[in-house]
Amino acid sequence: MNYRKINKFLSEILILVAIAMLPSTFICLFDGETKVALSFLYSILIAVVLSVILKFISRKQSGGFHSREGLICVSLSWILISLIGCLPFFFSRQIPSFIDALFEIVSGFTTTGASILPDVESLSRGLLFWRSFSHWMGGMGVLVLLMVFVPKSDHNTGSTMHLLRAESPGPNVGKLVPSMKKTALALYGIYMALTVLDFIFLIAGGMPPFDSVCTAFGTAGTGGFGIKNDSMASYSPYIQNVTTVFMLLFGINFSCYYLILTKRFISVLKDEELRAYLGIFIGATALIAFNIYNMYSGISETLRHAAFQVSTIMTTTGFATTDFDKWPVFSKTLLLCLMFIGASAGSTAGGLKFQRLLLLIKNLKRHIRQTLYPNKVQIVRMNGEKVNEKILESTNLYLIGYTFIIVTSFLLISIDGFSITSNMSAVISCFNNIGPGLEAVGPTCNFSGYSVFSKLVLIFDMLAGRLEILPLLGLLSLRTWKRK
């Protein structure tokens with residue numbers, strides 16, 4: 001285990017988080033929120049001091065950096081930024097419980113959007129900005145962001161590939177361009193361009209600048225932290241429609257955008273995951289609109305709410321324009337099913353991912369054909385290309401881990417006495433990084449009623465879901481820490 005190399009990355013991540021807190025500090029100072037500004041400054045100071053210590057420990061580093069180090073580095077980085085990132089909430093006493101503050105910022109960085117706050121609007125603007133900005137940082141990945149700014153010479157041992165594989169959402173990670181640093185630049189270039197475009201459309205609809213920035217951050221990271229108690233319900237139909245479209249766009253595999261920029265349109269049209277993603281969106285919207293038609297004044301309002309909720313659940317964003325917990329059972333059941341699936345691999349969304357779902361279905365069909373025709377070689381193809389058996393194996397293993405964590409977490413939090421629907425939707429919501437669930441954790445409720453123990457379980461679920469299970473489980477395995 002190359003501890004010095006890991007410590008070096010952790011020291012760089014801490015500096016990145018310290019810099020990321022500066023805009024929130026300036027907002028607090030501008031608003032005259034001196035106590036909150038000091039809470040950010042204390043947090044920045046702690047981050048810098050820890051960074052210096054880790055930097056000192058990691059001096060004269062040498063040796064390789066492999067997949068094991070990549071998994072550990074990613075897991076420790078996300079835990080560390082969460083522990084530092086929650087401090088402004090705790091120091092300012094606007095969230096007096098440390099576990100509650102930790103829950104809130106983990107929900108932010110993992111782009112979950114689940115909150116323990118009954119009154120979001122009581123927070124200072126600096127803390128509201130920090131919540132939303134944590135979505136934007138976590139959406140594409142903090143270590144991917146680090147790769148964009150750290151000189152290439154610091155990552156010449158193959159570490160970038162191991163880090164990107166460990167942090168990026170999806171069954172597999174490939175290079176958009178030959179260099180991994182250029183791949184990170186391409187991803188963040190697309191990410192920032194779409195965020196700015198979303199901001200412009202929101203401003204054009206009359207949304208206040210501060211609201212537009214926070215909403216664009218939450219939409220881009222598919223996080224869903226609103227700055228209003230009613231989430232997006234009080235905004236105009238235009239703003240809600242814009243958010244629906246951009247949530248859908250951020251749920252698409254970013255490699256599709258790269259293909260469009262390089263004029264490979266045919267490859268985009270042939271993408272099976274993209275076709276399935278858009279097809280399910282259209283189909284689910286139509287079914288729910290038909291089911292809830294009598295609840296709203298006309299077809300336009302019905303389609304707007306149906307499309308928004310399907311988009312926010314599919315992309316695991318978590319915004320809301322209406323209390324969908326009051327919808328008919330069929331619509332709520334359909335939304336619950338969409339919570340499991342999530343959006344596309346290589347997007348900022350959580351969930352199982354459409355690519356995994358397609359691979360699981362194709363692999364099942366392959367085994368059925370193999371049973372019927374045992375002497376014939378059966379191949380699984382995606383977009384016309386043969387799928388590597390290792391990817392199929394990892395997809396099957398992910399499903400096992402996915403199911404095991406959901407069932408175990410469901411059992412653990414059931415001690416709090418909430419209903420089966422509340423507990424199951426809470427676990428699914430947190431593990432798939434969605435945000436709102438049903439009943440006690442519905443779109444008009446929050447997670448504050450759960451015990452400290454249950455909140456810790458859900459914190460683990462949020463981190464495990466965002467990091468695709470393996471890095472966090474690897475961190476907990478004793479074999480990971482053995483020298484050989």
# chains A, B, ... in the order shown; residues from 1 in each chain; ligands from 1
>>> residues_around(residues="Phe210 of chain A", least_positions_apart="5", cutoff="9 Å", atoms="only C-alpha atoms", output="MDAnalysis selection string")
chainID A and resid 125 129 215
>>> atom_distance(atom1="atom CA of Lys326 of chain A", atom2="atom CA of Leu338 of chain A")
17.4 Å
>>> atom_distance(atom1="atom CA of Ile79 of chain A", atom2="atom CA of Gly113 of chain A")
17.2 Å
>>> residues_around(residues="Thr243 of chain A", least_positions_apart="5", cutoff="8 Å", atoms="only C-alpha atoms", output="ChimeraX atom specification")
/A:198,219,308
>>> residues_around(residues="Leu303 of chain A", least_positions_apart="6", cutoff="9 Å", atoms="only C-alpha atoms", output="PyMOL selection string")
chain A and resi 285-286+288-290+293
>>> residues_around(residues="Val268 of chain A", least_positions_apart="3", cutoff="6 Å", atoms="only C-alpha atoms", output="PyMOL selection string")
chain A and resi 256+265+271
>>> residues_around(residues="Val17 of chain A", least_positions_apart="5", cutoff="8 Å", atoms="only C-alpha atoms", output="NGL selection string")
:A and (44 or 47 or 81 or 85)
>>> write_last_selection(atoms="C-alpha atoms", output="PDB file, in the first residue's frame")
ATOM      1  CA  ILE A  44     -10.930  26.409   5.958  1.00  0.00           C
ATOM      2  CA  ALA A  47      -8.622  21.902   6.158  1.00  0.00           C
ATOM      3  CA  ILE A  81     -14.389  16.142   2.476  1.00  0.00           C
ATOM      4  CA  GLY A  85     -17.589  20.114   4.632  1.00  0.00           C
TER       5      GLY A  85
END
>>> residues_around(residues="Ala193 of chain A", least_positions_apart="3", cutoff="12 Å", atoms="only C-alpha atoms", output="list of chain:residue names")
A:Leu185, A:Ala186, A:Leu187, A:Tyr188, A:Gly189, A:Ile190, A:Val196, A:Leu197, A:Asp198, A:Phe199, A:Ile200, A:Ala216, A:Ala220, A:Phe246, A:Phe250, A:Phe254, A:Tyr257
>>> write_last_selection(atoms="C-alpha atoms", output="PDB file, in the first residue's frame")
ATOM      1  CA  LEU A 185     -10.909  18.322 -18.986  1.00  0.00           C
ATOM      2  CA  ALA A 186     -13.390  17.253 -21.668  1.00  0.00           C
ATOM      3  CA  LEU A 187     -15.871  16.011 -19.047  1.00  0.00           C
ATOM      4  CA  TYR A 188     -15.667  19.168 -16.969  1.00  0.00           C
ATOM      5  CA  GLY A 189     -15.785  21.386 -20.065  1.00  0.00           C
ATOM      6  CA  ILE A 190     -19.107  19.825 -21.080  1.00  0.00           C
ATOM      7  CA  VAL A 196     -23.891  27.927 -17.615  1.00  0.00           C
ATOM      8  CA  LEU A 197     -26.534  27.261 -20.262  1.00  0.00           C
ATOM      9  CA  ASP A 198     -29.000  26.174 -17.578  1.00  0.00           C
ATOM     10  CA  PHE A 199     -28.227  29.325 -15.576  1.00  0.00           C
ATOM     11  CA  ILE A 200     -28.870  31.533 -18.633  1.00  0.00           C
ATOM     12  CA  ALA A 216     -28.277  25.300 -11.772  1.00  0.00           C
ATOM     13  CA  ALA A 220     -26.170  19.932 -12.941  1.00  0.00           C
ATOM     14  CA  PHE A 246     -31.832  20.102 -18.006  1.00  0.00           C
ATOM     15  CA  PHE A 250     -27.553  15.846 -17.156  1.00  0.00           C
ATOM     16  CA  PHE A 254     -21.502  12.607 -21.145  1.00  0.00           C
ATOM     17  CA  TYR A 257     -22.078  14.938 -25.845  1.00  0.00           C
TER      18      TYR A 257
END
>>> closest_residue(among="A:Ile368, A:Leu10, A:Leu358, A:Met140", to="Ser75 of chain A", atoms="only C-alpha atoms")
A:Leu10
>>> closest_residue(among="A:Ile27, A:Glu272, A:Thr321, A:Phe340", to="Lys362 of chain A", atoms="only C-alpha atoms")
A:Glu272
>>> select_by_dssp(residues="segment 283-419 of chain A", states="alpha helix (DSSP H)", output="JSON, numbers by chain")
{"A": [283, 284, 285, 286, 287, 288, 289, 290, 291, 292, 299, 300, 301, 302, 303, 304, 305, 306, 307, 308, 309, 310, 311, 312, 313, 314, 329, 330, 331, 332, 333, 334, 335, 336, 337, 338, 339, 340, 341, 354, 355, 356, 357, 358, 359, 360, 361, 362, 363, 364, 365, 366, 367, 368, 369, 370, 371, 372, 389, 390, 391, 392, 393, 394, 395, 396, 397, 398, 399, 400, 401, 402, 403, 404, 405, 406, 407, 408, 409, 410, 411, 412, 413]}
>>> write_last_selection(atoms="C-alpha atoms", output="CSV table (one decimal), in the first residue's frame")
chain,number,residue,atom,x,y,z
A,283,GLY,CA,-43.4,6.1,-21.6
A,284,ALA,CA,-43.4,6.8,-17.8
A,285,THR,CA,-44.5,10.4,-18.4
A,286,ALA,CA,-47.4,9.4,-20.6
A,287,LEU,CA,-48.6,6.7,-18.1
A,288,ILE,CA,-48.4,8.9,-15.1
A,289,ALA,CA,-50.1,11.8,-16.9
A,290,PHE,CA,-53.0,9.5,-17.8
A,291,ASN,CA,-53.2,8.3,-14.2
A,292,ILE,CA,-53.2,11.8,-12.6
A,299,ILE,CA,-53.4,18.5,-19.9
A,300,SER,CA,-50.7,21.1,-19.9
A,301,GLU,CA,-50.4,21.2,-16.1
A,302,THR,CA,-50.7,17.5,-15.9
A,303,LEU,CA,-47.9,16.8,-18.4
A,304,ARG,CA,-45.7,19.5,-16.7
A,305,HIS,CA,-45.9,17.8,-13.3
A,306,ALA,CA,-45.7,14.3,-14.7
A,307,ALA,CA,-42.7,15.1,-16.8
A,308,PHE,CA,-40.9,17.0,-14.0
A,309,GLN,CA,-41.4,14.2,-11.5
A,310,VAL,CA,-40.3,11.4,-13.9
A,311,SER,CA,-37.3,13.4,-14.9
A,312,THR,CA,-36.3,14.3,-11.2
A,313,ILE,CA,-36.7,10.6,-10.1
A,314,MET,CA,-35.1,9.0,-13.2
A,329,VAL,CA,-50.8,4.1,-6.1
A,330,PHE,CA,-50.0,3.2,-9.7
A,331,SER,CA,-48.1,6.5,-10.3
A,332,LYS,CA,-46.2,6.2,-7.0
A,333,THR,CA,-45.3,2.6,-7.8
A,334,LEU,CA,-44.0,3.6,-11.2
A,335,LEU,CA,-41.8,6.3,-9.6
A,336,LEU,CA,-40.6,3.8,-7.0
A,337,CYS,CA,-39.5,1.5,-9.9
A,338,LEU,CA,-37.7,4.4,-11.6
A,339,MET,CA,-35.8,5.1,-8.3
A,340,PHE,CA,-34.1,1.7,-8.7
A,341,ILE,CA,-33.0,2.3,-12.3
A,354,PHE,CA,-29.6,2.0,-17.7
A,355,GLN,CA,-26.5,0.5,-19.0
A,356,ARG,CA,-26.4,-2.1,-16.2
A,357,LEU,CA,-30.1,-2.8,-16.6
A,358,LEU,CA,-29.5,-3.5,-20.3
A,359,LEU,CA,-26.5,-5.7,-19.6
A,360,LEU,CA,-28.4,-7.7,-17.0
A,361,ILE,CA,-31.4,-8.2,-19.4
A,362,LYS,CA,-29.0,-9.1,-22.3
A,363,ASN,CA,-27.1,-11.5,-20.1
A,364,LEU,CA,-30.3,-13.2,-18.9
A,365,LYS,CA,-31.4,-13.6,-22.5
A,366,ARG,CA,-28.0,-15.0,-23.4
A,367,HIS,CA,-28.3,-17.7,-20.6
A,368,ILE,CA,-31.8,-18.6,-21.8
A,369,ARG,CA,-30.5,-19.1,-25.4
A,370,GLN,CA,-27.5,-21.0,-24.0
A,371,THR,CA,-29.9,-23.4,-22.2
A,372,LEU,CA,-31.9,-23.9,-25.4
A,389,GLU,CA,-17.0,-11.0,-19.9
A,390,LYS,CA,-15.4,-9.1,-17.1
A,391,ILE,CA,-17.9,-6.3,-17.5
A,392,LEU,CA,-20.8,-8.8,-17.4
A,393,GLU,CA,-19.3,-10.4,-14.3
A,394,SER,CA,-18.8,-7.1,-12.5
A,395,THR,CA,-22.4,-6.1,-13.4
A,396,ASN,CA,-23.7,-9.3,-11.8
A,397,LEU,CA,-21.5,-8.7,-8.7
A,398,TYR,CA,-22.7,-5.1,-8.5
A,399,LEU,CA,-26.3,-6.3,-8.5
A,400,ILE,CA,-25.5,-8.7,-5.6
A,401,GLY,CA,-23.9,-5.9,-3.6
A,402,TYR,CA,-26.7,-3.5,-4.5
A,403,THR,CA,-29.4,-5.9,-3.3
A,404,PHE,CA,-27.5,-6.9,-0.1
A,405,ILE,CA,-26.9,-3.3,1.0
A,406,ILE,CA,-30.5,-2.2,0.4
A,407,VAL,CA,-32.0,-5.2,2.3
A,408,THR,CA,-29.5,-4.9,5.2
A,409,SER,CA,-30.0,-1.1,5.5
A,410,PHE,CA,-33.8,-1.6,5.3
A,411,LEU,CA,-33.6,-4.1,8.2
A,412,LEU,CA,-31.3,-1.8,10.3
A,413,ILE,CA,-33.4,1.4,10.1
>>> atom_distance(atom1="atom CA of Ala320 of chain A", atom2="atom CA of Gly108 of chain A")
16.6 Å
>>> closest_residue(among="A:Leu473, A:Leu117, A:Ile46, A:Ala343", to="Pro88 of chain A", atoms="only C-alpha atoms")
A:Ile46
>>> closest_residue(among="A:Arg466, A:Lys182, A:Arg59, A:Arg479", to="His135 of chain A", atoms="only C-alpha atoms")
A:Arg466
>>> closest_residue(among="A:Val452, A:Met247, A:Cys73, A:Ala276", to="Asn383 of chain A", atoms="only C-alpha atoms")
A:Ala276
